[in-house]
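Participant: As input, take model-v2.cif (mmCIF, C-alpha atoms):
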```cif
data_target
#
loop_
_atom_site.group_PDB
_atom_site.id
_atom_site.type_symbol
_atom_site.label_atom_id
_atom_site.label_comp_id
_atom_site.auth_asym_id
_atom_site.auth_seq_id
_atom_site.Cartn_x
_atom_site.Cartn_y
_atom_site.Cartn_z
ATOM 1 C CA MET A 1461 8.309 14.656 -17.371
ATOM 2 C CA LYS A 1462 9.583 11.111 -18.049
ATOM 3 C CA THR A 1463 13.081 12.377 -18.777
ATOM 4 C CA GLY A 1464 12.914 14.430 -15.593
ATOM 5 C CA LYS A 1465 11.988 11.361 -13.570
ATOM 6 C CA ILE A 1466 14.856 9.345 -15.037
ATOM 7 C CA LEU A 1467 17.318 12.129 -14.280
ATOM 8 C CA PHE A 1468 15.921 12.388 -10.767
ATOM 9 C CA GLY A 1469 16.395 8.630 -10.322
ATOM 10 C CA ILE A 1470 20.005 8.678 -11.514
ATOM 11 C CA LEU A 1471 20.916 11.646 -9.323
ATOM 12 C CA SER A 1472 19.096 10.145 -6.349
ATOM 13 C CA ALA A 1473 20.930 6.825 -6.698
ATOM 14 C CA LEU A 1474 24.291 8.599 -6.917
ATOM 15 C CA PHE A 1475 23.396 10.777 -3.929
ATOM 16 C CA PHE A 1476 22.327 7.825 -1.778
ATOM 17 C CA ILE A 1477 25.275 5.615 -2.723
ATOM 18 C CA GLY A 1478 27.704 8.498 -2.124
ATOM 19 C CA VAL A 1479 26.218 9.402 1.254
ATOM 20 C CA MET A 1480 26.210 5.819 2.490
ATOM 21 C CA TYR A 1481 29.701 5.073 1.159
ATOM 22 C CA ALA A 1482 31.078 8.154 2.919
ATOM 23 C CA THR A 1483 29.227 7.131 6.065
ATOM 24 C CA GLU A 1484 30.679 3.620 5.974
ATOM 25 C CA GLN A 1485 34.218 4.432 4.889
ATOM 26 C CA ILE A 1486 34.923 7.932 6.231
ATOM 27 C CA LEU A 1487 32.605 8.803 9.103
ATOM 28 C CA ARG A 1488 32.337 5.214 10.414
ATOM 29 C CA PRO A 1489 29.678 5.944 13.060
ATOM 30 C CA GLY A 1490 27.902 3.376 15.209
ATOM 31 C CA TYR A 1491 24.849 1.629 13.876
ATOM 32 C CA LEU A 1492 22.359 4.052 15.433
ATOM 33 C CA VAL A 1493 23.898 7.125 13.770
ATOM 34 C CA LYS A 1494 24.330 5.263 10.496
ATOM 35 C CA SER A 1495 20.672 4.237 10.566
ATOM 36 C CA LEU A 1496 19.586 7.836 11.136
ATOM 37 C CA ILE A 1497 21.726 8.972 8.195
ATOM 38 C CA LYS A 1498 20.169 6.330 5.955
ATOM 39 C CA LEU A 1499 16.662 7.225 7.120
ATOM 40 C CA SER A 1500 17.356 10.893 6.422
ATOM 41 C CA ALA A 1501 18.833 10.211 2.982
ATOM 42 C CA VAL A 1502 15.930 8.012 1.894
ATOM 43 C CA GLY A 1503 13.459 10.483 3.370
ATOM 44 C CA VAL A 1504 14.986 13.414 1.478
ATOM 45 C CA ILE A 1505 14.836 11.493 -1.813
ATOM 46 C CA LEU A 1506 11.260 10.270 -1.403
ATOM 47 C CA LEU A 1507 9.851 13.557 -0.126
ATOM 48 C CA SER A 1508 11.689 15.491 -2.845
ATOM 49 C CA TYR A 1509 10.209 13.213 -5.489
ATOM 50 C CA CYS A 1510 6.702 13.594 -4.087
ATOM 51 C CA GLY A 1511 7.098 17.366 -3.956
ATOM 52 C CA ILE A 1512 8.603 17.775 -7.416
ATOM 53 C CA PHE A 1513 6.318 15.361 -9.261
ATOM 54 C CA ARG A 1514 3.265 15.815 -7.026
ATOM 55 C CA GLN A 1515 2.669 12.206 -6.037
ATOM 56 C CA LYS A 1516 1.525 10.587 -2.849
ATOM 57 C CA LEU A 1517 4.242 8.782 -0.927
ATOM 58 C CA LYS A 1518 2.517 5.388 -1.017
ATOM 59 C CA ASP A 1519 2.181 5.657 -4.789
ATOM 60 C CA ALA A 1520 5.780 6.777 -5.213
ATOM 61 C CA VAL A 1521 7.067 3.660 -3.460
ATOM 62 C CA TYR A 1522 4.547 1.250 -5.036
ATOM 63 C CA PHE A 1523 2.986 0.484 -1.639
ATOM 64 C CA ARG A 1524 -0.344 -0.838 -2.844
ATOM 65 C CA LYS A 1525 -2.693 -3.720 -2.153
ATOM 66 C CA MET A 1526 -0.894 -6.994 -2.788
ATOM 67 C CA LYS A 1527 -2.124 -9.741 -5.081
ATOM 68 C CA PRO A 1528 -2.985 -13.076 -3.390
ATOM 69 C CA ALA A 1529 0.329 -14.275 -1.981
ATOM 70 C CA LYS A 1530 0.446 -17.666 -3.665
ATOM 71 C CA ASN A 1531 3.980 -19.102 -3.368
ATOM 72 C CA LEU A 1532 5.240 -15.975 -1.588
ATOM 73 C CA TYR A 1533 5.845 -17.817 1.667
ATOM 74 C CA LEU A 1534 7.738 -20.458 -0.284
ATOM 75 C CA PHE A 1535 9.989 -17.720 -1.673
ATOM 76 C CA MET A 1536 10.505 -16.312 1.815
ATOM 77 C CA THR A 1537 11.508 -19.702 3.212
ATOM 78 C CA ALA A 1538 13.768 -20.510 0.267
ATOM 79 C CA VAL A 1539 15.572 -17.170 0.579
ATOM 80 C CA PHE A 1540 16.122 -17.621 4.321
ATOM 81 C CA PHE A 1541 17.598 -21.108 4.083
ATOM 82 C CA GLY A 1542 19.368 -20.370 0.794
ATOM 83 C CA ILE A 1543 21.431 -17.588 2.366
ATOM 84 C CA LEU A 1544 22.316 -19.746 5.356
ATOM 85 C CA THR A 1545 23.341 -22.578 3.030
ATOM 86 C CA VAL A 1546 25.609 -20.301 0.969
ATOM 87 C CA PHE A 1547 27.213 -18.993 4.155
ATOM 88 C CA PHE A 1548 28.057 -22.456 5.414
ATOM 89 C CA LEU A 1549 29.390 -23.457 1.982
ATOM 90 C CA ILE A 1550 31.790 -20.502 1.729
ATOM 91 C CA ARG A 1551 32.538 -19.908 5.419
ATOM 92 C CA ASN A 1552 36.018 -21.410 5.101
ATOM 93 C CA TYR A 1553 36.872 -18.687 2.568
ATOM 94 C CA LEU A 1554 35.777 -15.895 4.905
ATOM 95 C CA ASP A 1555 37.810 -14.240 7.629
ATOM 96 C CA LEU A 1556 35.116 -14.761 10.239
ATOM 97 C CA PRO A 1557 37.042 -13.352 13.224
ATOM 98 C CA SER A 1558 37.705 -10.142 11.249
ATOM 99 C CA ILE A 1559 34.048 -9.864 10.265
ATOM 100 C CA ARG A 1560 33.070 -10.329 13.897
ATOM 101 C CA GLU A 1561 35.579 -7.673 14.939
ATOM 102 C CA ASN A 1562 34.101 -5.333 12.366
ATOM 103 C CA LEU A 1563 30.601 -5.902 13.731
ATOM 104 C CA VAL A 1564 31.748 -5.256 17.282
ATOM 105 C CA THR A 1565 34.042 -2.249 16.703
ATOM 106 C CA LYS A 1566 32.625 -0.511 13.636
ATOM 107 C CA GLU A 1567 28.934 -1.311 14.061
ATOM 108 C CA GLN A 1568 29.215 -1.308 17.882
ATOM 109 C CA LEU A 1569 27.146 -4.465 18.199
ATOM 110 C CA THR A 1570 27.160 -6.242 21.534
ATOM 111 C CA LYS A 1571 25.383 -9.255 22.990
ATOM 112 C CA GLN A 1572 23.107 -6.775 24.746
ATOM 113 C CA ASN A 1573 21.995 -4.706 21.736
ATOM 114 C CA CYS A 1574 22.382 -7.078 18.785
ATOM 115 C CA LEU A 1575 18.858 -8.512 18.979
ATOM 116 C CA PHE A 1576 17.346 -5.015 18.842
ATOM 117 C CA VAL A 1577 19.605 -4.063 15.922
ATOM 118 C CA PHE A 1578 18.786 -7.286 14.094
ATOM 119 C CA ALA A 1579 15.054 -6.667 14.521
ATOM 120 C CA TYR A 1580 15.513 -3.168 13.090
ATOM 121 C CA ILE A 1581 17.459 -4.557 10.129
ATOM 122 C CA ALA A 1582 14.813 -7.167 9.362
ATOM 123 C CA VAL A 1583 11.846 -4.777 9.516
ATOM 124 C CA ILE A 1584 12.792 -1.103 9.122
ATOM 125 C CA ASN A 1585 16.030 -1.296 7.173
ATOM 126 C CA SER A 1586 14.538 -3.686 4.635
ATOM 127 C CA PHE A 1587 11.562 -1.352 4.185
ATOM 128 C CA LEU A 1588 13.798 1.664 3.556
ATOM 129 C CA GLU A 1589 15.835 -0.175 0.943
ATOM 130 C CA GLU A 1590 12.770 -1.614 -0.770
ATOM 131 C CA SER A 1591 11.048 1.774 -0.830
ATOM 132 C CA LEU A 1592 14.028 3.341 -2.569
ATOM 133 C CA PHE A 1593 15.277 0.619 -4.897
ATOM 134 C CA ARG A 1594 12.228 -1.495 -5.787
ATOM 135 C CA GLY A 1595 9.571 1.096 -5.051
ATOM 136 C CA LEU A 1596 10.893 4.350 -6.501
ATOM 137 C CA LEU A 1597 13.986 3.948 -8.663
ATOM 138 C CA SER A 1598 12.910 1.046 -10.853
ATOM 139 C CA HIS A 1599 9.506 2.539 -11.651
ATOM 140 C CA LEU A 1600 10.890 5.854 -12.882
ATOM 141 C CA PHE A 1601 11.801 4.211 -16.203
ATOM 142 C CA GLU A 1602 8.209 4.011 -17.395
ATOM 143 C CA ASP A 1603 8.979 3.369 -21.084
ATOM 144 C CA ASN A 1604 11.860 0.974 -20.386
ATOM 145 C CA PRO A 1605 10.895 -1.160 -17.367
ATOM 146 C CA ASN A 1606 13.715 -3.655 -17.973
ATOM 147 C CA ILE A 1607 16.269 -0.841 -17.828
ATOM 148 C CA GLY A 1608 14.637 0.287 -14.603
ATOM 149 C CA ILE A 1609 15.044 -3.181 -13.117
ATOM 150 C CA LEU A 1610 18.720 -3.382 -14.112
ATOM 151 C CA PHE A 1611 19.389 0.156 -12.895
ATOM 152 C CA SER A 1612 17.835 -0.390 -9.472
ATOM 153 C CA ALA A 1613 19.611 -3.751 -9.098
ATOM 154 C CA ALA A 1614 22.968 -2.180 -9.985
ATOM 155 C CA ALA A 1615 22.366 0.675 -7.539
ATOM 156 C CA PHE A 1616 21.347 -1.840 -4.851
ATOM 157 C CA SER A 1617 24.553 -3.805 -5.372
ATOM 158 C CA ALA A 1618 26.777 -0.698 -5.490
ATOM 159 C CA TYR A 1619 25.246 0.650 -2.281
ATOM 160 C CA HIS A 1620 26.419 -2.449 -0.393
ATOM 161 C CA LEU A 1621 30.017 -2.041 -1.558
ATOM 162 C CA GLY A 1622 30.812 0.405 1.227
ATOM 163 C CA ILE A 1623 29.525 -2.062 3.799
ATOM 164 C CA ILE A 1624 31.310 -5.257 2.800
ATOM 165 C CA ASP A 1625 34.459 -4.262 0.893
ATOM 166 C CA ASN A 1626 36.657 -4.489 3.987
ATOM 167 C CA TRP A 1627 35.361 -7.923 4.935
ATOM 168 C CA LEU A 1628 36.214 -10.062 1.924
ATOM 169 C CA ASN A 1629 38.967 -10.957 -0.491
ATOM 170 C CA PRO A 1630 38.461 -9.687 -4.079
ATOM 171 C CA ALA A 1631 37.090 -12.972 -5.458
ATOM 172 C CA ILE A 1632 34.491 -13.368 -2.711
ATOM 173 C CA LEU A 1633 33.677 -9.652 -2.926
ATOM 174 C CA LEU A 1634 32.938 -10.011 -6.657
ATOM 175 C CA PHE A 1635 30.823 -13.079 -5.904
ATOM 176 C CA CYS A 1636 28.835 -11.161 -3.287
ATOM 177 C CA MET A 1637 28.329 -8.100 -5.495
ATOM 178 C CA THR A 1638 27.092 -10.327 -8.326
ATOM 179 C CA GLY A 1639 24.797 -12.075 -5.872
ATOM 180 C CA LEU A 1640 23.438 -8.725 -4.650
ATOM 181 C CA PHE A 1641 22.763 -7.652 -8.235
ATOM 182 C CA ALA A 1642 20.885 -10.901 -8.857
ATOM 183 C CA ALA A 1643 19.034 -10.438 -5.557
ATOM 184 C CA GLY A 1644 17.964 -6.967 -6.679
ATOM 185 C CA ILE A 1645 16.511 -8.396 -9.886
ATOM 186 C CA PHE A 1646 14.756 -11.180 -7.976
ATOM 187 C CA LEU A 1647 13.262 -8.774 -5.438
ATOM 188 C CA GLN A 1648 12.063 -6.547 -8.269
ATOM 189 C CA TRP A 1649 10.418 -9.539 -9.917
ATOM 190 C CA VAL A 1650 8.670 -10.344 -6.624
ATOM 191 C CA CYS A 1651 7.534 -6.730 -6.273
ATOM 192 C CA ASN A 1652 6.192 -6.588 -9.827
ATOM 193 C CA HIS A 1653 4.682 -10.071 -9.777
ATOM 194 C CA TYR A 1654 2.610 -9.369 -6.672
ATOM 195 C CA LYS A 1655 2.105 -5.742 -7.762
ATOM 196 C CA SER A 1656 3.122 -4.335 -4.398
ATOM 197 C CA LEU A 1657 6.218 -3.330 -2.460
ATOM 198 C CA LYS A 1658 4.799 -5.341 0.428
ATOM 199 C CA ALA A 1659 5.793 -8.595 -1.277
ATOM 200 C CA SER A 1660 9.457 -7.729 -1.873
ATOM 201 C CA TRP A 1661 9.612 -6.201 1.617
ATOM 202 C CA LEU A 1662 8.580 -9.540 3.140
ATOM 203 C CA VAL A 1663 11.151 -11.466 1.101
ATOM 204 C CA HIS A 1664 13.871 -8.898 1.838
ATOM 205 C CA GLY A 1665 13.017 -9.109 5.526
ATOM 206 C CA CYS A 1666 13.546 -12.881 5.454
ATOM 207 C CA ALA A 1667 16.892 -12.393 3.720
ATOM 208 C CA ASN A 1668 17.917 -9.989 6.467
ATOM 209 C CA LEU A 1669 16.759 -12.459 9.102
ATOM 210 C CA ALA A 1670 19.157 -15.026 7.635
ATOM 211 C CA ILE A 1671 22.002 -12.496 7.620
ATOM 212 C CA ASN A 1672 21.104 -11.591 11.200
ATOM 213 C CA ALA A 1673 21.283 -15.253 12.154
ATOM 214 C CA ILE A 1674 24.811 -15.337 10.746
ATOM 215 C CA GLY A 1675 25.680 -12.184 12.699
ATOM 216 C CA PHE A 1676 24.251 -13.778 15.846
ATOM 217 C CA ILE A 1677 26.475 -16.827 15.329
ATOM 218 C CA LEU A 1678 29.544 -14.638 14.831
ATOM 219 C CA ILE A 1679 28.893 -12.474 17.892
ATOM 220 C CA TYR A 1680 28.070 -15.321 20.249
ATOM 221 C CA PHE A 1681 30.342 -18.119 19.040
ATOM 222 C CA TYR A 1682 33.477 -16.478 17.557
#
```
Please, can you express the file's structure as C-alpha coordinates?
Facilitator:
Amino acid sequence: MKTGKILFGILSALFFIGVMYATEQILRPGYLVKSLIKLSAVGVILLSYCGIFRQKLKDAVYFRKMKPAKNLYLFMTAVFFGILTVFFLIRNYLDLPSIRENLVTKEQLTKQNCLFVFAYIAVINSFLEESLFRGLLSHLFEDNPNIGILFSAAAFSAYHLGIIDNWLNPAILLFCMTGLFAAGIFLQWVCNHYKSLKASWLVHGCANLAINAIGFILIYFY
(Lines of atoms letter the chains of each structure in order from A and count residues from 1; the text may use other names and numbers.)
(Lines give C-alpha, C1' and ligand atoms only; values in the text may rest on other atoms or scores of the structure.)
Protein backbone atom coordinates (compact mmCIF):
# COMPACT_ATOMS: atom_id res chain seq x y z
CA MET A 1 0.00 0.00 0.00
CA LYS A 2 2.78 2.46 0.92
CA THR A 3 4.68 1.71 -2.27
CA GLY A 4 1.44 2.16 -4.20
CA LYS A 5 0.90 5.57 -2.64
CA ILE A 6 4.43 6.69 -3.49
CA LEU A 7 4.03 5.54 -7.08
CA PHE A 8 0.69 7.32 -7.26
CA GLY A 9 2.33 10.51 -5.96
CA ILE A 10 5.16 10.39 -8.50
CA LEU A 11 2.81 9.73 -11.41
CA SER A 12 0.40 12.40 -10.21
CA ALA A 13 3.16 15.01 -9.96
CA LEU A 14 4.40 14.17 -13.46
CA PHE A 15 0.84 14.27 -14.80
CA PHE A 16 0.07 17.64 -13.23
CA ILE A 17 3.37 19.25 -14.22
CA GLY A 18 3.02 17.93 -17.78
CA VAL A 19 -0.57 19.12 -18.15
CA MET A 20 0.18 22.58 -16.82
CA TYR A 21 3.39 22.95 -18.83
CA ALA A 22 1.55 22.02 -22.03
CA THR A 23 -1.21 24.44 -21.09
CA GLU A 24 1.25 27.28 -20.53
CA GLN A 25 3.62 26.65 -23.41
CA ILE A 26 1.50 25.01 -26.13
CA LEU A 27 -2.18 25.74 -25.65
CA ARG A 28 -1.63 29.22 -24.13
CA PRO A 29 -5.29 29.85 -23.22
CA GLY A 30 -6.63 32.81 -21.27
CA TYR A 31 -6.62 32.70 -17.51
CA LEU A 32 -10.19 31.41 -17.20
CA VAL A 33 -9.55 28.34 -19.37
CA LYS A 34 -6.20 27.73 -17.72
CA SER A 35 -7.83 27.86 -14.29
CA LEU A 36 -10.45 25.32 -15.35
CA ILE A 37 -7.72 23.01 -16.65
CA LYS A 38 -5.85 23.27 -13.35
CA LEU A 39 -9.02 22.68 -11.35
CA SER A 40 -9.80 19.62 -13.46
CA ALA A 41 -6.27 18.23 -13.16
CA VAL A 42 -6.15 18.64 -9.39
CA GLY A 43 -9.67 17.26 -9.09
CA VAL A 44 -8.82 14.15 -11.11
CA ILE A 45 -5.75 13.47 -8.95
CA LEU A 46 -7.49 13.98 -5.61
CA LEU A 47 -10.64 12.06 -6.50
CA SER A 48 -8.59 9.23 -8.01
CA TYR A 49 -6.55 8.98 -4.82
CA CYS A 50 -9.67 8.93 -2.64
CA GLY A 51 -11.23 6.26 -4.84
CA ILE A 52 -8.16 4.04 -5.09
CA PHE A 53 -7.08 4.25 -1.46
CA ARG A 54 -10.54 4.76 0.04
CA GLN A 55 -9.94 7.98 1.94
CA LYS A 56 -12.07 11.00 2.58
CA LEU A 57 -11.08 14.08 0.62
CA LYS A 58 -10.45 16.25 3.69
CA ASP A 59 -8.14 13.59 5.10
CA ALA A 60 -6.33 13.15 1.79
CA VAL A 61 -5.43 16.84 1.68
CA TYR A 62 -4.66 17.18 5.41
CA PHE A 63 -7.55 19.62 5.90
CA ARG A 64 -7.99 19.22 9.64
CA LYS A 65 -8.49 21.38 12.70
CA MET A 66 -5.56 23.76 13.05
CA LYS A 67 -3.42 24.14 16.15
CA PRO A 68 -3.58 27.55 17.90
CA ALA A 69 -2.17 29.96 15.33
CA LYS A 70 0.60 31.46 17.45
CA ASN A 71 3.01 33.38 15.20
CA LEU A 72 1.07 32.41 12.06
CA TYR A 73 -0.02 35.97 11.38
CA LEU A 74 3.58 37.06 11.79
CA PHE A 75 4.58 34.55 9.11
CA MET A 76 1.81 35.80 6.83
CA THR A 77 2.92 39.42 7.20
CA ALA A 78 6.60 38.58 6.76
CA VAL A 79 5.89 36.61 3.58
CA PHE A 80 3.80 39.43 2.10
CA PHE A 81 6.36 42.17 2.68
CA GLY A 82 9.30 39.86 2.00
CA ILE A 83 8.12 39.16 -1.55
CA LEU A 84 7.50 42.84 -2.22
CA THR A 85 10.97 43.67 -0.89
CA VAL A 86 12.65 41.08 -3.13
CA PHE A 87 10.74 42.43 -6.13
CA PHE A 88 11.89 45.98 -5.56
CA LEU A 89 15.48 44.80 -4.99
CA ILE A 90 15.67 42.87 -8.28
CA ARG A 91 13.25 44.91 -10.41
CA ASN A 92 16.10 46.49 -12.38
CA TYR A 93 17.11 43.00 -13.55
CA LEU A 94 13.62 42.18 -14.80
CA ASP A 95 12.12 43.05 -18.16
CA LEU A 96 9.03 44.60 -16.61
CA PRO A 97 7.40 45.80 -19.85
CA SER A 98 7.70 42.26 -21.28
CA ILE A 99 6.21 40.74 -18.13
CA ARG A 100 3.34 43.21 -18.34
CA GLU A 101 2.83 42.36 -22.00
CA ASN A 102 2.74 38.69 -21.08
CA LEU A 103 0.09 39.33 -18.44
CA VAL A 104 -2.03 41.31 -20.87
CA THR A 105 -1.70 39.12 -23.99
CA LYS A 106 -1.14 35.61 -22.66
CA GLU A 107 -3.14 35.79 -19.44
CA GLN A 108 -5.64 38.26 -20.95
CA LEU A 109 -5.60 40.44 -17.85
CA THR A 110 -7.12 43.90 -18.12
CA LYS A 111 -7.77 46.75 -15.71
CA GLN A 112 -11.38 45.58 -15.66
CA ASN A 113 -10.84 41.91 -14.76
CA CYS A 114 -7.50 41.88 -12.93
CA LEU A 115 -8.97 42.42 -9.46
CA PHE A 116 -11.29 39.43 -9.89
CA VAL A 117 -8.42 37.28 -11.19
CA PHE A 118 -6.16 38.39 -8.35
CA ALA A 119 -8.83 37.50 -5.79
CA TYR A 120 -9.15 34.05 -7.38
CA ILE A 121 -5.37 33.57 -7.28
CA ALA A 122 -5.15 34.55 -3.62
CA VAL A 123 -7.99 32.30 -2.44
CA ILE A 124 -8.84 29.47 -4.85
CA ASN A 125 -5.58 28.99 -6.72
CA SER A 126 -3.58 28.89 -3.50
CA PHE A 127 -5.98 26.29 -2.08
CA LEU A 128 -5.65 24.05 -5.14
CA GLU A 129 -1.86 24.15 -5.01
CA GLU A 130 -1.74 23.57 -1.27
CA SER A 131 -4.18 20.67 -1.50
CA LEU A 132 -2.01 18.95 -4.09
CA PHE A 133 1.54 19.75 -2.99
CA ARG A 134 1.40 20.19 0.80
CA GLY A 135 -1.77 18.22 1.44
CA LEU A 136 -1.48 15.11 -0.73
CA LEU A 137 1.94 14.62 -2.30
CA SER A 138 4.16 15.20 0.71
CA HIS A 139 2.14 12.94 3.00
CA LEU A 140 2.28 9.93 0.69
CA PHE A 141 5.84 9.22 1.86
CA GLU A 142 4.75 7.94 5.26
CA ASP A 143 8.04 6.23 6.19
CA ASN A 144 10.24 9.01 4.79
CA PRO A 145 8.56 12.34 5.59
CA ASN A 146 11.68 14.35 4.73
CA ILE A 147 11.75 12.81 1.26
CA GLY A 148 8.08 13.71 0.94
CA ILE A 149 8.83 17.33 1.80
CA LEU A 150 11.67 17.54 -0.73
CA PHE A 151 9.61 15.78 -3.40
CA SER A 152 6.60 18.08 -3.03
CA ALA A 153 8.85 21.16 -2.96
CA ALA A 154 10.64 20.05 -6.13
CA ALA A 155 7.32 19.35 -7.85
CA PHE A 156 6.01 22.75 -6.71
CA SER A 157 9.05 24.50 -8.17
CA ALA A 158 8.98 22.51 -11.43
CA TYR A 159 5.28 23.25 -11.93
CA HIS A 160 6.02 26.99 -12.00
CA LEU A 161 8.66 26.62 -14.72
CA GLY A 162 6.07 26.70 -17.48
CA ILE A 163 4.67 29.94 -16.11
CA ILE A 164 7.80 32.04 -15.66
CA ASP A 165 10.44 30.67 -18.04
CA ASN A 166 9.62 33.22 -20.75
CA TRP A 167 9.78 36.15 -18.35
CA LEU A 168 13.32 36.00 -16.99
CA ASN A 169 16.94 35.65 -17.97
CA PRO A 170 18.58 32.33 -16.97
CA ALA A 171 20.25 33.66 -13.81
CA ILE A 172 17.06 35.21 -12.44
CA LEU A 173 15.08 32.14 -13.51
CA LEU A 174 17.43 29.90 -11.49
CA PHE A 175 17.10 32.28 -8.55
CA CYS A 176 13.30 32.13 -8.75
CA MET A 177 13.18 28.34 -9.09
CA THR A 178 15.46 27.98 -6.06
CA GLY A 179 13.25 30.42 -4.18
CA LEU A 180 10.14 28.43 -5.12
CA PHE A 181 11.77 25.23 -3.89
CA ALA A 182 12.61 26.91 -0.59
CA ALA A 183 9.07 28.32 -0.43
CA GLY A 184 7.69 24.80 -0.88
CA ILE A 185 9.75 23.57 2.07
CA PHE A 186 8.69 26.54 4.20
CA LEU A 187 5.01 26.06 3.38
CA GLN A 188 5.30 22.37 4.22
CA TRP A 189 6.88 23.26 7.55
CA VAL A 190 3.97 25.63 8.25
CA CYS A 191 1.46 22.93 7.29
CA ASN A 192 3.12 20.32 9.50
CA HIS A 193 3.81 22.68 12.39
CA TYR A 194 0.17 23.73 12.68
CA LYS A 195 -0.99 20.23 11.69
CA SER A 196 -3.39 21.50 9.06
CA LEU A 197 -3.46 22.56 5.42
CA LYS A 198 -5.36 25.63 6.58
CA ALA A 199 -2.15 27.18 7.93
CA SER A 200 -0.07 26.83 4.75
CA TRP A 201 -3.10 27.93 2.71
CA LEU A 202 -3.24 31.21 4.65
CA VAL A 203 0.49 31.84 4.20
CA HIS A 204 0.34 30.89 0.51
CA GLY A 205 -2.61 33.23 0.06
CA CYS A 206 -0.57 36.11 1.49
CA ALA A 207 2.29 35.27 -0.86
CA ASN A 208 -0.12 35.41 -3.78
CA LEU A 209 -1.49 38.71 -2.53
CA ALA A 210 2.02 40.16 -2.73
CA ILE A 211 2.49 38.78 -6.25
CA ASN A 212 -0.91 40.21 -7.16
CA ALA A 213 0.17 43.59 -5.85
CA ILE A 214 3.16 43.42 -8.18
CA GLY A 215 0.87 42.46 -11.07
CA PHE A 216 -1.40 45.39 -10.20
CA ILE A 217 1.58 47.76 -10.34
CA LEU A 218 2.66 46.38 -13.71
CA ILE A 219 -0.81 46.58 -15.27
CA TYR A 220 -1.63 50.05 -14.01
CA PHE A 221 1.74 51.81 -14.08
CA TYR A 222 3.79 50.22 -16.91
Participant: Between CA of Asn1562 (chain A) and CA of Val1479 (chain A), what is the distance, to one decimal in Å?
Facilitator: 20.1 Å
Participant: So the first atom is CA of Phe1601 (chain A) and the second is CA of Asp1519 (chain A); what is the distance between them in Å, to one decimal place?
Facilitator: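 That distance, rounded to one decimal, is 15.0 Å.
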Participant: Have a look at CA of Leu1544 (chain A) and CA of Ala1614 (chain A) and let me know their distance in Å, one decimal.
Facilitator: 23.3 Å
Participant: Find the residues around Val1577 (chain A) up to 12 Å (all atoms listed in the file counted), leave out those fewer than 3 positions away in its own chain, and share them as a PyMOL selection string.
Facilitator: chain A and resi 1490-1492+1494-1495+1563+1567-1574+1580-1585+1668-1669+1672-1673+1675-1676
Participant: Name the residues that the PyMOL selection byres ((chain A and resi 1522-1538) around 7) pulls out of this structure, and write them as a PyMOL selection string.
Facilitator: chain A and resi 1518-1521+1539-1542+1595+1654-1658+1663+1666
Participant: Centre and edge lengths of an axis-aligned box around all listed atoms of region 1467-1485 of chain A, with 6 Å added on each side, are to be given in Å to one decimal, as lines of an AutoDock Vina configuration file.
Facilitator:
```
center_x = 25.1
center_y = 8.0
center_z = -4.1
size_x = 30.3
size_y = 20.8
size_z = 32.3
```
Participant: Give me, as a ChimeraX atom specification, all polymer residues having an atom no more than 8 Å from Gln1648 (chain A), counting all atoms listed in the file and skipping those fewer than 4 positions away in the same chain.
Facilitator: /A:1594,1609,1644,1652,1660
Participant: Step by step, work through what the PyMOL selection byres ((chain A and resi 1466-1471) around 8) selects in the shown file, and finish by giving those residues as a list of chain:residue names.
Facilitator: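 Checking the PyMOL selection byres ((chain A and resi 1466-1471) around 8) against this file, the residues are A:Lys1462, A:Thr1463, A:Gly1464, A:Lys1465, A:Ser1472, A:Ala1473, A:Leu1474, A:Phe1475, A:Tyr1509, A:Leu1596, A:Leu1597, A:Leu1600, A:Phe1601.
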Participant: Between A:Val1504, A:Val1493, A:Cys1510, A:Ile1559, which has the minimum distance to Ile1677 (chain A) (counting only C-alpha atoms)?
Facilitator: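 Between A:Val1504, A:Val1493, A:Cys1510, A:Ile1559, the residue approaching Ile1677 (chain A) most closely is A:Ile1559.
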